[in-house]
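S.K.: Following this line is query_30.tsv, made up of TSV, N, CA and C atoms:
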chain	number	residue	atom	x	y	z
L	26	MET	N	-12.69	-27.80	12.71
L	26	MET	CA	-11.54	-27.24	11.99
L	26	MET	C	-11.96	-26.11	11.04
L	27	VAL	N	-13.09	-26.31	10.34
L	27	VAL	CA	-13.55	-25.28	9.40
L	27	VAL	C	-13.94	-24.00	10.14
L	28	GLN	N	-14.46	-24.13	11.34
L	28	GLN	CA	-14.79	-22.95	12.14
L	28	GLN	C	-13.51	-22.21	12.55
L	29	LYS	N	-12.49	-22.93	12.95
L	29	LYS	CA	-11.22	-22.29	13.33
L	29	LYS	C	-10.63	-21.55	12.14
L	30	LEU	N	-10.70	-22.15	10.97
L	30	LEU	CA	-10.19	-21.49	9.77
L	30	LEU	C	-11.00	-20.22	9.46
L	31	ALA	N	-12.30	-20.29	9.68
L	31	ALA	CA	-13.14	-19.10	9.46
L	31	ALA	C	-12.76	-17.99	10.44
L	32	TRP	N	-12.47	-18.35	11.70
L	32	TRP	CA	-12.00	-17.34	12.66
L	32	TRP	C	-10.71	-16.69	12.17
L	33	VAL	N	-9.78	-17.52	11.70
L	33	VAL	CA	-8.49	-16.99	11.21
L	33	VAL	C	-8.73	-16.06	10.02
L	34	PHE	N	-9.53	-16.50	9.04
L	34	PHE	CA	-9.84	-15.66	7.89
L	34	PHE	C	-10.44	-14.34	8.36
L	35	GLY	N	-11.41	-14.43	9.27
L	35	GLY	CA	-12.10	-13.24	9.74
L	35	GLY	C	-11.16	-12.24	10.39
L	36	ILE	N	-10.35	-12.72	11.29
L	36	ILE	CA	-9.42	-11.84	12.00
L	36	ILE	C	-8.41	-11.22	11.04
L	37	VAL	N	-7.86	-12.03	10.15
L	37	VAL	CA	-6.86	-11.52	9.20
L	37	VAL	C	-7.49	-10.49	8.26
L	38	PHE	N	-8.69	-10.77	7.75
L	38	PHE	CA	-9.32	-9.81	6.84
L	38	PHE	C	-9.66	-8.50	7.54
L	39	ILE	N	-10.11	-8.57	8.77
L	39	ILE	CA	-10.41	-7.33	9.50
L	39	ILE	C	-9.13	-6.54	9.74
L	40	ILE	N	-8.06	-7.21	10.13
L	40	ILE	CA	-6.79	-6.51	10.33
L	40	ILE	C	-6.31	-5.87	9.03
L	41	ILE	N	-6.37	-6.60	7.93
L	41	ILE	CA	-5.93	-6.06	6.64
L	41	ILE	C	-6.81	-4.87	6.23
L	42	GLY	N	-8.12	-5.00	6.47
L	42	GLY	CA	-9.03	-3.90	6.15
L	42	GLY	C	-8.70	-2.65	6.93
L	43	ILE	N	-8.37	-2.81	8.20
L	43	ILE	CA	-8.00	-1.66	9.04
L	43	ILE	C	-6.65	-1.08	8.60
L	44	LEU	N	-5.67	-1.95	8.38
L	44	LEU	CA	-4.34	-1.48	7.97
L	44	LEU	C	-4.40	-0.68	6.68
L	45	GLY	N	-5.31	-1.05	5.80
L	45	GLY	CA	-5.44	-0.35	4.52
L	45	GLY	C	-5.85	1.10	4.67
L	46	PHE	N	-6.42	1.45	5.83
L	46	PHE	CA	-6.83	2.84	6.07
L	46	PHE	C	-5.75	3.65	6.78
L	47	ILE	N	-4.61	3.05	7.07
L	47	ILE	CA	-3.53	3.76	7.76
L	47	ILE	C	-2.55	4.28	6.70
L	48	PRO	N	-2.57	5.59	6.44
L	48	PRO	CA	-1.78	6.16	5.34
L	48	PRO	C	-0.31	5.76	5.34
L	49	SER	N	0.33	5.68	6.50
L	49	SER	CA	1.76	5.36	6.52
L	49	SER	C	2.05	3.93	6.06
L	50	LEU	N	1.03	3.07	6.07
L	50	LEU	CA	1.21	1.69	5.60
L	50	LEU	C	0.79	1.50	4.15
L	51	VAL	N	0.32	2.59	3.53
L	51	VAL	CA	-0.18	2.51	2.16
L	51	VAL	C	0.48	3.58	1.28
L	52	PRO	N	1.81	3.59	1.22
L	52	PRO	CA	2.48	4.59	0.38
L	52	PRO	C	2.15	4.35	-1.09
L	53	GLY	N	1.69	5.38	-1.75
L	53	GLY	CA	1.37	5.26	-3.17
L	53	GLY	C	0.21	4.32	-3.45
L	54	GLY	N	-0.65	4.09	-2.47
L	54	GLY	CA	-1.79	3.20	-2.66
L	54	GLY	C	-1.44	1.73	-2.58
L	55	LEU	N	-0.25	1.41	-2.08
L	55	LEU	CA	0.20	0.02	-1.98
L	55	LEU	C	0.34	-0.38	-0.52
L	56	LEU	N	-0.52	-1.28	-0.06
L	56	LEU	CA	-0.44	-1.76	1.31
L	56	LEU	C	0.87	-2.51	1.49
L	57	LEU	N	1.64	-2.06	2.47
L	57	LEU	CA	2.97	-2.60	2.75
L	57	LEU	C	3.88	-2.51	1.54
L	58	GLY	N	3.56	-1.59	0.62
L	58	GLY	CA	4.36	-1.39	-0.58
L	58	GLY	C	4.19	-2.48	-1.63
L	59	ILE	N	3.18	-3.36	-1.46
L	59	ILE	CA	3.02	-4.50	-2.38
L	59	ILE	C	1.63	-4.54	-3.02
L	60	PHE	N	0.58	-4.53	-2.18
L	60	PHE	CA	-0.78	-4.79	-2.64
L	60	PHE	C	-1.54	-3.49	-2.88
L	61	SER	N	-2.12	-3.34	-4.05
L	61	SER	CA	-2.91	-2.16	-4.36
L	61	SER	C	-4.20	-2.19	-3.54
L	62	VAL	N	-4.46	-1.09	-2.83
L	62	VAL	CA	-5.70	-0.98	-2.05
L	62	VAL	C	-6.29	0.41	-2.20
L	63	ASP	N	-7.55	0.51	-1.96
L	63	ASP	CA	-8.25	1.78	-1.90
L	63	ASP	C	-9.38	1.60	-0.89
L	64	ALA	N	-10.17	2.64	-0.69
L	64	ALA	CA	-11.22	2.58	0.34
L	64	ALA	C	-12.18	1.42	0.09
L	65	MET	N	-12.61	1.23	-1.16
L	65	MET	CA	-13.56	0.15	-1.47
L	65	MET	C	-12.92	-1.21	-1.17
L	66	HIS	N	-11.68	-1.38	-1.54
L	66	HIS	CA	-10.97	-2.63	-1.29
L	66	HIS	C	-10.92	-2.91	0.21
L	67	ASN	N	-10.62	-1.87	0.99
L	67	ASN	CA	-10.55	-2.03	2.45
L	67	ASN	C	-11.91	-2.39	3.04
L	68	VAL	N	-12.97	-1.77	2.54
L	68	VAL	CA	-14.32	-2.08	3.02
L	68	VAL	C	-14.67	-3.53	2.70
L	69	VAL	N	-14.31	-3.99	1.51
L	69	VAL	CA	-14.57	-5.39	1.13
L	69	VAL	C	-13.83	-6.33	2.08
L	70	HIS	N	-12.59	-6.00	2.43
L	70	HIS	CA	-11.85	-6.83	3.38
L	70	HIS	C	-12.55	-6.85	4.74
L	71	LEU	N	-13.00	-5.70	5.21
L	71	LEU	CA	-13.69	-5.64	6.50
L	71	LEU	C	-14.98	-6.46	6.48
L	72	ILE	N	-15.77	-6.31	5.43
L	72	ILE	CA	-17.02	-7.08	5.32
L	72	ILE	C	-16.73	-8.57	5.25
L	73	SER	N	-15.73	-8.95	4.47
L	73	SER	CA	-15.36	-10.37	4.36
L	73	SER	C	-14.98	-10.93	5.72
L	74	GLY	N	-14.22	-10.15	6.49
L	74	GLY	CA	-13.80	-10.58	7.81
L	74	GLY	C	-14.96	-10.69	8.78
L	75	ILE	N	-15.85	-9.71	8.76
L	75	ILE	CA	-17.01	-9.75	9.65
L	75	ILE	C	-17.90	-10.94	9.33
L	76	LEU	N	-18.12	-11.20	8.05
L	76	LEU	CA	-18.93	-12.37	7.66
L	76	LEU	C	-18.27	-13.67	8.09
L	77	ALA	N	-16.95	-13.75	7.97
L	77	ALA	CA	-16.24	-14.96	8.39
L	77	ALA	C	-16.40	-15.20	9.89
L	78	ILE	N	-16.26	-14.14	10.67
L	78	ILE	CA	-16.41	-14.28	12.13
L	78	ILE	C	-17.84	-14.65	12.48
L	79	GLY	N	-18.80	-14.05	11.79
L	79	GLY	CA	-20.20	-14.42	12.03
L	79	GLY	C	-20.45	-15.88	11.72
L	80	ALA	N	-19.89	-16.37	10.63
L	80	ALA	CA	-20.06	-17.78	10.27
L	80	ALA	C	-19.36	-18.68	11.28
L	81	ALA	N	-18.15	-18.31	11.68
L	81	ALA	CA	-17.39	-19.11	12.64
L	81	ALA	C	-18.10	-19.17	13.97
L	82	TRP	N	-18.69	-18.08	14.37
L	82	TRP	CA	-19.39	-18.01	15.64
L	82	TRP	C	-20.65	-18.87	15.62
L	83	SER	N	-21.27	-18.99	14.44
L	83	SER	CA	-22.54	-19.71	14.32
L	83	SER	C	-22.37	-21.22	14.38
L	84	SER	N	-21.67	-21.79	13.40
L	84	SER	CA	-21.55	-23.25	13.33
L	84	SER	C	-20.57	-23.66	12.24
L	85	ALA	N	-20.23	-24.93	12.26
L	85	ALA	CA	-19.38	-25.48	11.19
L	85	ALA	C	-20.11	-25.43	9.86
L	86	SER	N	-21.42	-25.64	9.88
L	86	SER	CA	-22.21	-25.60	8.65
L	86	SER	C	-22.18	-24.21	8.02
L	87	TYR	N	-22.35	-23.18	8.83
L	87	TYR	CA	-22.29	-21.82	8.31
L	87	TYR	C	-20.87	-21.46	7.88
L	88	SER	N	-19.88	-21.95	8.59
L	88	SER	CA	-18.49	-21.70	8.20
L	88	SER	C	-18.21	-22.33	6.84
L	89	ARG	N	-18.69	-23.54	6.64
L	89	ARG	CA	-18.49	-24.22	5.35
L	89	ARG	C	-19.22	-23.46	4.24
L	90	LEU	N	-20.44	-23.01	4.51
L	90	LEU	CA	-21.20	-22.24	3.52
L	90	LEU	C	-20.47	-20.94	3.20
L	91	TYR	N	-19.96	-20.27	4.22
L	91	TYR	CA	-19.18	-19.05	4.00
L	91	TYR	C	-18.04	-19.33	3.03
L	92	PHE	N	-17.28	-20.39	3.27
L	92	PHE	CA	-16.15	-20.69	2.41
L	92	PHE	C	-16.57	-21.06	0.99
L	93	LYS	N	-17.69	-21.72	0.84
L	93	LYS	CA	-18.19	-22.04	-0.51
L	93	LYS	C	-18.49	-20.76	-1.27
L	94	VAL	N	-19.29	-19.89	-0.67
L	94	VAL	CA	-19.66	-18.63	-1.32
L	94	VAL	C	-18.44	-17.74	-1.51
L	95	PHE	N	-17.66	-17.57	-0.45
L	95	PHE	CA	-16.47	-16.73	-0.46
L	95	PHE	C	-15.48	-17.24	-1.53
L	96	GLY	N	-15.28	-18.55	-1.60
L	96	GLY	CA	-14.36	-19.12	-2.58
L	96	GLY	C	-14.80	-18.86	-4.01
L	97	VAL	N	-16.07	-19.03	-4.28
L	97	VAL	CA	-16.59	-18.77	-5.62
L	97	VAL	C	-16.46	-17.28	-5.97
L	98	VAL	N	-16.83	-16.42	-5.03
L	98	VAL	CA	-16.73	-14.97	-5.27
L	98	VAL	C	-15.28	-14.57	-5.51
L	99	TYR	N	-14.37	-15.05	-4.69
L	99	TYR	CA	-12.96	-14.69	-4.87
L	99	TYR	C	-12.37	-15.30	-6.14
L	100	ALA	N	-12.85	-16.47	-6.56
L	100	ALA	CA	-12.41	-17.04	-7.84
L	100	ALA	C	-12.85	-16.12	-8.98
L	101	LEU	N	-14.09	-15.63	-8.92
L	101	LEU	CA	-14.57	-14.69	-9.94
L	101	LEU	C	-13.78	-13.38	-9.91
L	102	VAL	N	-13.50	-12.88	-8.71
L	102	VAL	CA	-12.69	-11.66	-8.56
L	102	VAL	C	-11.31	-11.89	-9.17
L	103	THR	N	-10.74	-13.06	-8.96
L	103	THR	CA	-9.42	-13.37	-9.50
L	103	THR	C	-9.45	-13.36	-11.03
L	104	ILE	N	-10.45	-14.01	-11.60
L	104	ILE	CA	-10.55	-14.07	-13.07
L	104	ILE	C	-10.73	-12.67	-13.64
L	105	ILE	N	-11.66	-11.91	-13.06
L	105	ILE	CA	-11.89	-10.54	-13.53
L	105	ILE	C	-10.62	-9.71	-13.38
L	106	GLY	N	-9.92	-9.87	-12.26
L	106	GLY	CA	-8.69	-9.13	-12.02
L	106	GLY	C	-7.62	-9.44	-13.05
L	107	PHE	N	-7.44	-10.71	-13.38
L	107	PHE	CA	-6.43	-11.06	-14.38
L	107	PHE	C	-6.83	-10.55	-15.76
L	108	VAL	N	-8.13	-10.55	-16.07
L	108	VAL	CA	-8.59	-10.07	-17.37
L	108	VAL	C	-8.48	-8.55	-17.46
L	109	GLN	N	-8.96	-7.85	-16.44
L	109	GLN	CA	-8.95	-6.38	-16.50
L	109	GLN	C	-7.61	-5.77	-16.14
L	110	GLY	N	-6.83	-6.46	-15.32
L	110	GLY	CA	-5.47	-6.03	-15.03
L	110	GLY	C	-5.26	-5.06	-13.89
L	111	ASP	N	-6.04	-3.97	-13.83
L	111	ASP	CA	-5.77	-2.98	-12.79
L	111	ASP	C	-6.99	-2.58	-11.97
L	112	THR	N	-8.16	-3.11	-12.29
L	112	THR	CA	-9.36	-2.84	-11.49
L	112	THR	C	-10.24	-4.09	-11.46
L	113	ILE	N	-11.20	-4.07	-10.54
L	113	ILE	CA	-12.26	-5.07	-10.53
L	113	ILE	C	-13.52	-4.31	-10.91
L	114	LEU	N	-13.93	-4.49	-12.14
L	114	LEU	CA	-15.14	-3.84	-12.67
L	114	LEU	C	-15.13	-2.32	-12.47
L	115	GLY	N	-13.94	-1.74	-12.40
L	115	GLY	CA	-13.82	-0.31	-12.19
L	115	GLY	C	-14.17	0.15	-10.78
L	116	LEU	N	-14.40	-0.79	-9.87
L	116	LEU	CA	-14.82	-0.45	-8.51
L	116	LEU	C	-13.66	-0.33	-7.53
L	117	MET	N	-12.61	-1.11	-7.75
L	117	MET	CA	-11.46	-1.05	-6.84
L	117	MET	C	-10.19	-1.35	-7.61
L	118	MET	N	-9.12	-0.73	-7.16
L	118	MET	CA	-7.82	-0.91	-7.79
L	118	MET	C	-7.19	-2.22	-7.33
L	119	ILE	N	-6.51	-2.88	-8.26
L	119	ILE	CA	-5.77	-4.11	-7.96
L	119	ILE	C	-4.49	-4.11	-8.77
L	120	ASN	N	-3.61	-5.03	-8.43
L	120	ASN	CA	-2.40	-5.24	-9.22
L	120	ASN	C	-2.13	-6.75	-9.28
L	121	THR	N	-1.03	-7.13	-9.88
L	121	THR	CA	-0.72	-8.56	-10.03
L	121	THR	C	-0.58	-9.25	-8.69
L	122	ALA	N	0.03	-8.59	-7.71
L	122	ALA	CA	0.17	-9.19	-6.38
L	122	ALA	C	-1.21	-9.48	-5.78
L	123	ASP	N	-2.16	-8.55	-5.95
L	123	ASP	CA	-3.53	-8.77	-5.47
L	123	ASP	C	-4.14	-9.98	-6.17
L	124	ASN	N	-3.97	-10.05	-7.48
L	124	ASN	CA	-4.56	-11.16	-8.24
L	124	ASN	C	-4.02	-12.51	-7.78
L	125	VAL	N	-2.73	-12.58	-7.57
L	125	VAL	CA	-2.13	-13.84	-7.11
L	125	VAL	C	-2.64	-14.18	-5.70
L	126	LEU	N	-2.69	-13.19	-4.82
L	126	LEU	CA	-3.20	-13.43	-3.48
L	126	LEU	C	-4.68	-13.84	-3.52
L	127	HIS	N	-5.47	-13.19	-4.35
L	127	HIS	CA	-6.88	-13.56	-4.48
L	127	HIS	C	-7.02	-15.00	-4.99
L	128	LEU	N	-6.14	-15.41	-5.89
L	128	LEU	CA	-6.17	-16.79	-6.37
L	128	LEU	C	-5.89	-17.78	-5.23
L	129	VAL	N	-4.88	-17.49	-4.43
L	129	VAL	CA	-4.54	-18.36	-3.29
L	129	VAL	C	-5.71	-18.41	-2.30
L	130	ILE	N	-6.28	-17.25	-2.02
L	130	ILE	CA	-7.41	-17.20	-1.09
L	130	ILE	C	-8.58	-18.01	-1.64
L	131	ALA	N	-8.87	-17.86	-2.93
L	131	ALA	CA	-9.97	-18.60	-3.55
L	131	ALA	C	-9.75	-20.11	-3.45
L	132	VAL	N	-8.54	-20.56	-3.72
L	132	VAL	CA	-8.24	-22.00	-3.66
L	132	VAL	C	-8.42	-22.53	-2.24
L	133	VAL	N	-7.89	-21.82	-1.26
L	133	VAL	CA	-8.02	-22.25	0.14
L	133	VAL	C	-9.49	-22.25	0.56
L	134	ALA	N	-10.22	-21.19	0.20
L	134	ALA	CA	-11.64	-21.10	0.58
L	134	ALA	C	-12.46	-22.21	-0.09
L	135	LEU	N	-12.21	-22.46	-1.36
L	135	LEU	CA	-12.94	-23.53	-2.05
L	135	LEU	C	-12.62	-24.89	-1.45
L	136	TRP	N	-11.37	-25.11	-1.09
L	136	TRP	CA	-11.01	-26.36	-0.43
L	136	TRP	C	-11.73	-26.48	0.92
L	137	ALA	N	-11.74	-25.39	1.69
L	137	ALA	CA	-12.39	-25.41	3.00
L	137	ALA	C	-13.89	-25.62	2.86
L	138	GLY	N	-14.49	-25.04	1.84
L	138	GLY	CA	-15.93	-25.16	1.66
L	138	GLY	C	-16.37	-26.47	1.07
L	139	PHE	N	-15.62	-26.97	0.10
L	139	PHE	CA	-16.05	-28.16	-0.63
L	139	PHE	C	-15.23	-29.41	-0.35
L	140	GLY	N	-13.96	-29.24	0.01
L	140	GLY	CA	-13.09	-30.40	0.10
L	140	GLY	C	-12.62	-30.79	1.48
L	141	MET	N	-12.61	-29.85	2.42
L	141	MET	CA	-12.09	-30.15	3.75
L	141	MET	C	-12.99	-31.17	4.45
L	142	LYS	N	-12.36	-32.18	4.99
L	142	LYS	CA	-13.10	-33.21	5.73
L	142	LYS	C	-12.88	-33.01	7.21
L	143	GLU	N	-13.97	-33.05	7.96
L	143	GLU	CA	-13.88	-32.93	9.42
L	143	GLU	C	-13.59	-34.31	10.01
L	144	PRO	N	-12.79	-34.36	11.08
L	144	PRO	CA	-12.58	-35.64	11.76
L	144	PRO	C	-13.91	-36.20	12.25
L	145	MET	N	-14.03	-37.50	12.28
L	145	MET	CA	-15.27	-38.16	12.73
L	145	MET	C	-15.64	-37.68	14.13
L	146	GLY	N	-16.91	-37.39	14.31
L	146	GLY	CA	-17.40	-36.99	15.61
L	146	GLY	C	-17.23	-35.53	15.94
L	147	SER	N	-16.68	-34.73	15.00
L	147	SER	CA	-16.46	-33.32	15.30
L	147	SER	C	-17.39	-32.40	14.52
L	148	MET	N	-18.30	-32.94	13.77
L	148	MET	CA	-19.22	-32.10	13.00
L	148	MET	C	-20.22	-31.43	13.93
L	149	ALA	N	-20.22	-30.12	13.93
L	149	ALA	CA	-21.18	-29.37	14.75
L	149	ALA	C	-22.44	-29.14	13.96
L	150	MET	N	-23.54	-29.17	14.61
L	150	MET	CA	-24.81	-28.93	13.93
L	150	MET	C	-25.34	-27.58	14.26
Reformat the file's structure so that it appears as C-alpha coordinates.
M.R.:
Amino acid sequence: MVQKLAWVFGIVFIIIGILGFIPSLVPGGLLLGIFSVDAMHNVVHLISGILAIGAAWSSASYSRLYFKVFGVVYALVTIIGFVQGDTILGLMMINTADNVLHLVIAVVALWAGFGMKEPMGSMAM
(Lines of atoms letter the chains of each structure in order from A and count residues from 1; the text may use other names and numbers.)
(Lines give C-alpha, C1' and ligand atoms only; values in the text may rest on other atoms or scores of the structure.)
Protein backbone atom coordinates (compact mmCIF):
# COMPACT_ATOMS: atom_id res chain seq x y z
CA MET A 1 0.00 0.00 0.00
CA VAL A 2 2.81 2.44 0.85
CA GLN A 3 4.38 1.81 -2.55
CA LYS A 4 1.09 2.55 -4.32
CA LEU A 5 0.79 5.79 -2.38
CA ALA A 6 4.35 6.70 -3.36
CA TRP A 7 3.45 6.10 -7.03
CA VAL A 8 0.43 8.40 -6.65
CA PHE A 9 2.51 11.11 -4.93
CA GLY A 10 5.17 10.80 -7.61
CA ILE A 11 2.82 11.06 -10.55
CA VAL A 12 0.85 13.95 -9.04
CA PHE A 13 3.98 15.92 -8.13
CA ILE A 14 5.46 15.48 -11.59
CA ILE A 15 2.21 16.59 -13.22
CA ILE A 16 1.98 19.64 -10.93
CA GLY A 17 5.63 20.46 -11.61
CA ILE A 18 5.03 20.36 -15.36
CA LEU A 19 1.76 22.33 -15.17
CA GLY A 20 3.56 25.07 -13.25
CA PHE A 21 5.68 25.75 -16.33
CA ILE A 22 2.66 26.27 -18.61
CA PRO A 23 2.05 30.04 -18.66
CA SER A 24 -1.67 29.81 -19.45
CA LEU A 25 -2.20 27.77 -16.26
CA VAL A 26 -0.22 30.20 -14.10
CA PRO A 27 -1.86 33.62 -14.53
CA GLY A 28 -0.19 36.11 -12.23
CA GLY A 29 2.08 33.40 -10.82
CA LEU A 30 -0.86 31.41 -9.45
CA LEU A 31 -1.21 27.81 -10.60
CA LEU A 32 -4.86 27.32 -11.53
CA GLY A 33 -5.40 30.80 -10.07
CA ILE A 34 -4.89 29.49 -6.51
CA PHE A 35 -1.37 28.30 -5.63
CA SER A 36 1.66 30.56 -5.85
CA VAL A 37 4.38 28.95 -7.97
CA ASP A 38 7.64 29.93 -9.59
CA ALA A 39 10.42 28.06 -11.38
CA MET A 40 12.07 26.90 -8.13
CA HIS A 41 8.74 25.71 -6.74
CA ASN A 42 8.09 23.74 -9.94
CA VAL A 43 11.56 22.15 -9.84
CA VAL A 44 10.98 21.10 -6.21
CA HIS A 45 7.70 19.47 -7.26
CA LEU A 46 9.44 17.62 -10.10
CA ILE A 47 12.27 16.40 -7.84
CA SER A 48 9.78 15.33 -5.15
CA GLY A 49 7.84 13.36 -7.75
CA ILE A 50 10.91 11.71 -9.24
CA LEU A 51 12.13 10.67 -5.79
CA ALA A 52 8.69 9.26 -4.94
CA ILE A 53 8.63 7.17 -8.11
CA GLY A 54 12.17 5.98 -7.46
CA ALA A 55 11.19 4.92 -3.94
CA ALA A 56 7.98 3.26 -5.14
CA TRP A 57 9.85 1.38 -7.82
CA SER A 58 12.44 0.14 -5.31
CA SER A 59 10.52 -1.28 -2.35
CA ALA A 60 8.03 -0.69 0.43
CA SER A 61 10.95 0.06 2.74
CA TYR A 62 12.26 2.82 0.48
CA SER A 63 8.73 4.14 -0.01
CA ARG A 64 8.28 4.34 3.76
CA LEU A 65 11.67 6.06 4.13
CA TYR A 66 10.71 8.53 1.39
CA PHE A 67 7.52 9.43 3.26
CA LYS A 68 9.37 9.83 6.56
CA VAL A 69 11.92 12.22 5.08
CA PHE A 70 9.41 13.92 2.77
CA GLY A 71 6.93 14.37 5.64
CA VAL A 72 9.50 15.96 7.93
CA VAL A 73 10.77 18.25 5.16
CA TYR A 74 7.26 19.33 4.19
CA ALA A 75 6.37 19.90 7.86
CA LEU A 76 9.38 22.23 8.11
CA VAL A 77 8.40 23.93 4.84
CA THR A 78 4.89 24.42 6.25
CA ILE A 79 6.16 25.98 9.48
CA ILE A 80 8.58 28.26 7.63
CA GLY A 81 5.83 29.19 5.17
CA PHE A 82 3.37 30.16 7.90
CA VAL A 83 6.07 32.17 9.71
CA GLN A 84 7.47 33.97 6.66
CA GLY A 85 4.13 34.30 4.89
CA ASP A 86 5.09 34.77 1.26
CA THR A 87 8.37 32.88 0.67
CA ILE A 88 10.29 29.83 1.83
CA LEU A 89 13.64 31.22 2.96
CA GLY A 90 13.45 33.69 0.07
CA LEU A 91 13.91 30.82 -2.40
CA MET A 92 10.36 30.33 -3.66
CA MET A 93 7.08 32.19 -3.53
CA ILE A 94 4.17 30.77 -1.54
CA ASN A 95 0.79 31.89 -0.29
CA THR A 96 -1.74 30.71 2.30
CA ALA A 97 -3.20 28.12 -0.08
CA ASP A 98 0.30 26.65 -0.54
CA ASN A 99 0.85 26.57 3.21
CA VAL A 100 -2.41 24.74 3.86
CA LEU A 101 -1.70 22.26 1.06
CA HIS A 102 1.84 21.71 2.36
CA LEU A 103 0.38 21.01 5.81
CA VAL A 104 -2.00 18.39 4.39
CA ILE A 105 0.80 16.82 2.37
CA ALA A 106 3.07 16.72 5.44
CA VAL A 107 0.38 15.04 7.56
CA VAL A 108 -0.35 12.40 4.91
CA ALA A 109 3.36 11.75 4.29
CA LEU A 110 4.14 11.48 8.01
CA TRP A 111 1.24 9.07 8.46
CA ALA A 112 2.44 6.99 5.49
CA GLY A 113 6.00 6.97 6.77
CA PHE A 114 5.46 6.44 10.46
CA GLY A 115 1.87 5.34 11.03
CA MET A 116 0.58 3.38 8.06
CA LYS A 117 0.34 -0.32 8.78
CA GLU A 118 0.73 -2.85 5.99
CA PRO A 119 -1.63 -5.84 5.91
CA MET A 120 0.01 -9.02 7.22
CA GLY A 121 2.03 -10.82 4.61
CA SER A 122 2.33 -7.84 2.27
CA MET A 123 5.59 -6.33 3.50
CA ALA A 124 8.08 -6.26 0.65
CA MET A 125 11.74 -6.54 1.43
S.K.: Running DSSP on the backbone, which parts of chain L land in strand (DSSP E or B), as an MDAnalysis selection string?
M.R.: chainID L and resid 55:56 60:61 112:113 117:118
S.K.: Env of region 102-118 of chain L: 6.5 Å cut, atoms = all atoms listed in the file, seq-sep filter 6 positions within chain, self excluded. Answer as a CSV table (one decimal) with N, CA and C atoms, in the frame of the given file.
M.R.:
chain,number,residue,atom,x,y,z
L,61,SER,N,-2.1,-3.3,-4.0
L,61,SER,CA,-2.9,-2.2,-4.4
L,61,SER,C,-4.2,-2.2,-3.5
L,62,VAL,N,-4.5,-1.1,-2.8
L,62,VAL,CA,-5.7,-1.0,-2.0
L,62,VAL,C,-6.3,0.4,-2.2
L,63,ASP,N,-7.6,0.5,-2.0
L,63,ASP,CA,-8.2,1.8,-1.9
L,63,ASP,C,-9.4,1.6,-0.9
L,65,MET,N,-12.6,1.2,-1.2
L,65,MET,CA,-13.6,0.2,-1.5
L,65,MET,C,-12.9,-1.2,-1.2
L,66,HIS,N,-11.7,-1.4,-1.5
L,66,HIS,CA,-11.0,-2.6,-1.3
L,66,HIS,C,-10.9,-2.9,0.2
L,124,ASN,N,-4.0,-10.0,-7.5
L,124,ASN,CA,-4.6,-11.2,-8.2
L,124,ASN,C,-4.0,-12.5,-7.8
L,127,HIS,N,-5.5,-13.2,-4.4
L,127,HIS,CA,-6.9,-13.6,-4.5
L,127,HIS,C,-7.0,-15.0,-5.0
L,128,LEU,N,-6.1,-15.4,-5.9
L,128,LEU,CA,-6.2,-16.8,-6.4
L,128,LEU,C,-5.9,-17.8,-5.2
S.K.: For Lys142 (chain L), list every protein, DNA or RNA residue within 12 Å, evaluated using only C-alpha atoms, and leave out those in the same chain fewer than 6 positions away; present the list as number ranges by chain.
M.R.: L: 26-27, 85, 89, 136, 148
S.K.: Just want the 6 Å neighbourhood of Ala31 (chain L), counted on only N, CA and C atoms, with same-chain residues fewer than 6 positions away dropped. Output as a PyMOL selection string.
M.R.: chain L and resi 77-78+81
S.K.: How many Å lie between atom N of Glu143 (chain L) and CA of Ile41 (chain L), rounded to one decimal?
M.R.: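 Distance reported for this atom pair: 28.2 Å.
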S.K.: Tell me, in Å to one decimal, how far CA of Ala131 (chain L) is from atom C of Val94 (chain L).
M.R.: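 Answer for the CA of Ala131 (chain L) to atom C of Val94 (chain L) separation: 8.8 Å.
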S.K.: Looking at only C-alpha atoms, which of L:Gly74, L:Gly96, L:Gly138, L:Gly79 is the one that sits closest to Phe34 (chain L)?
M.R.: L:Gly74
S.K.: When you look at Gly45 (chain L) with a cut-off of 8 Å (counting all atoms listed in the file), what residues show up, excluding the ones that are within fewer than 6 positions of it in the same chain? I need them as a list in words.
M.R.: Ile39, Val51, Leu55, Leu56, Leu57, Val62, Asp63, Ala64, His66, Asn67 and Val68 of chain L
S.K.: Between atom N of Tyr87 (chain L) and CA of Leu101 (chain L), what is the distance in Å, rounded to a tenth?
M.R.: 22.0 Å
S.K.: Residues of chain L in helix (DSSP H, G or I) according to DSSP, as a PyMOL selection string?
M.R.: chain L and resi 27-44+48-50+52-54+64-83+85-109+121-140
S.K.: From the set L:Gly54, L:Leu76, L:Val69, L:Phe95, which residue has the shortest atom-to-atom contact distance to Gly35 (chain L), counting only N, CA and C atoms?
M.R.: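 Nearest candidate to Gly35 (chain L) out of L:Gly54, L:Leu76, L:Val69, L:Phe95: L:Leu76.
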S.K.: Counting all atoms listed in the file, which of L:Met141, L:Trp82, L:Phe60, L:Gly53 gets nearest to Trp32 (chain L)?
M.R.: L:Trp82
S.K.: Please write out, as AutoDock Vina command-line options, where the centre of an axis-aligned box around all listed atoms of region 88-101 of chain L lies and how long its edges are, in Å to one decimal, after adding 6 Å on each side.
M.R.:
--center_x -16.8 --center_y -18.8 --center_z -0.7 --size_x 20.8 --size_y 22.8 --size_z 30.5
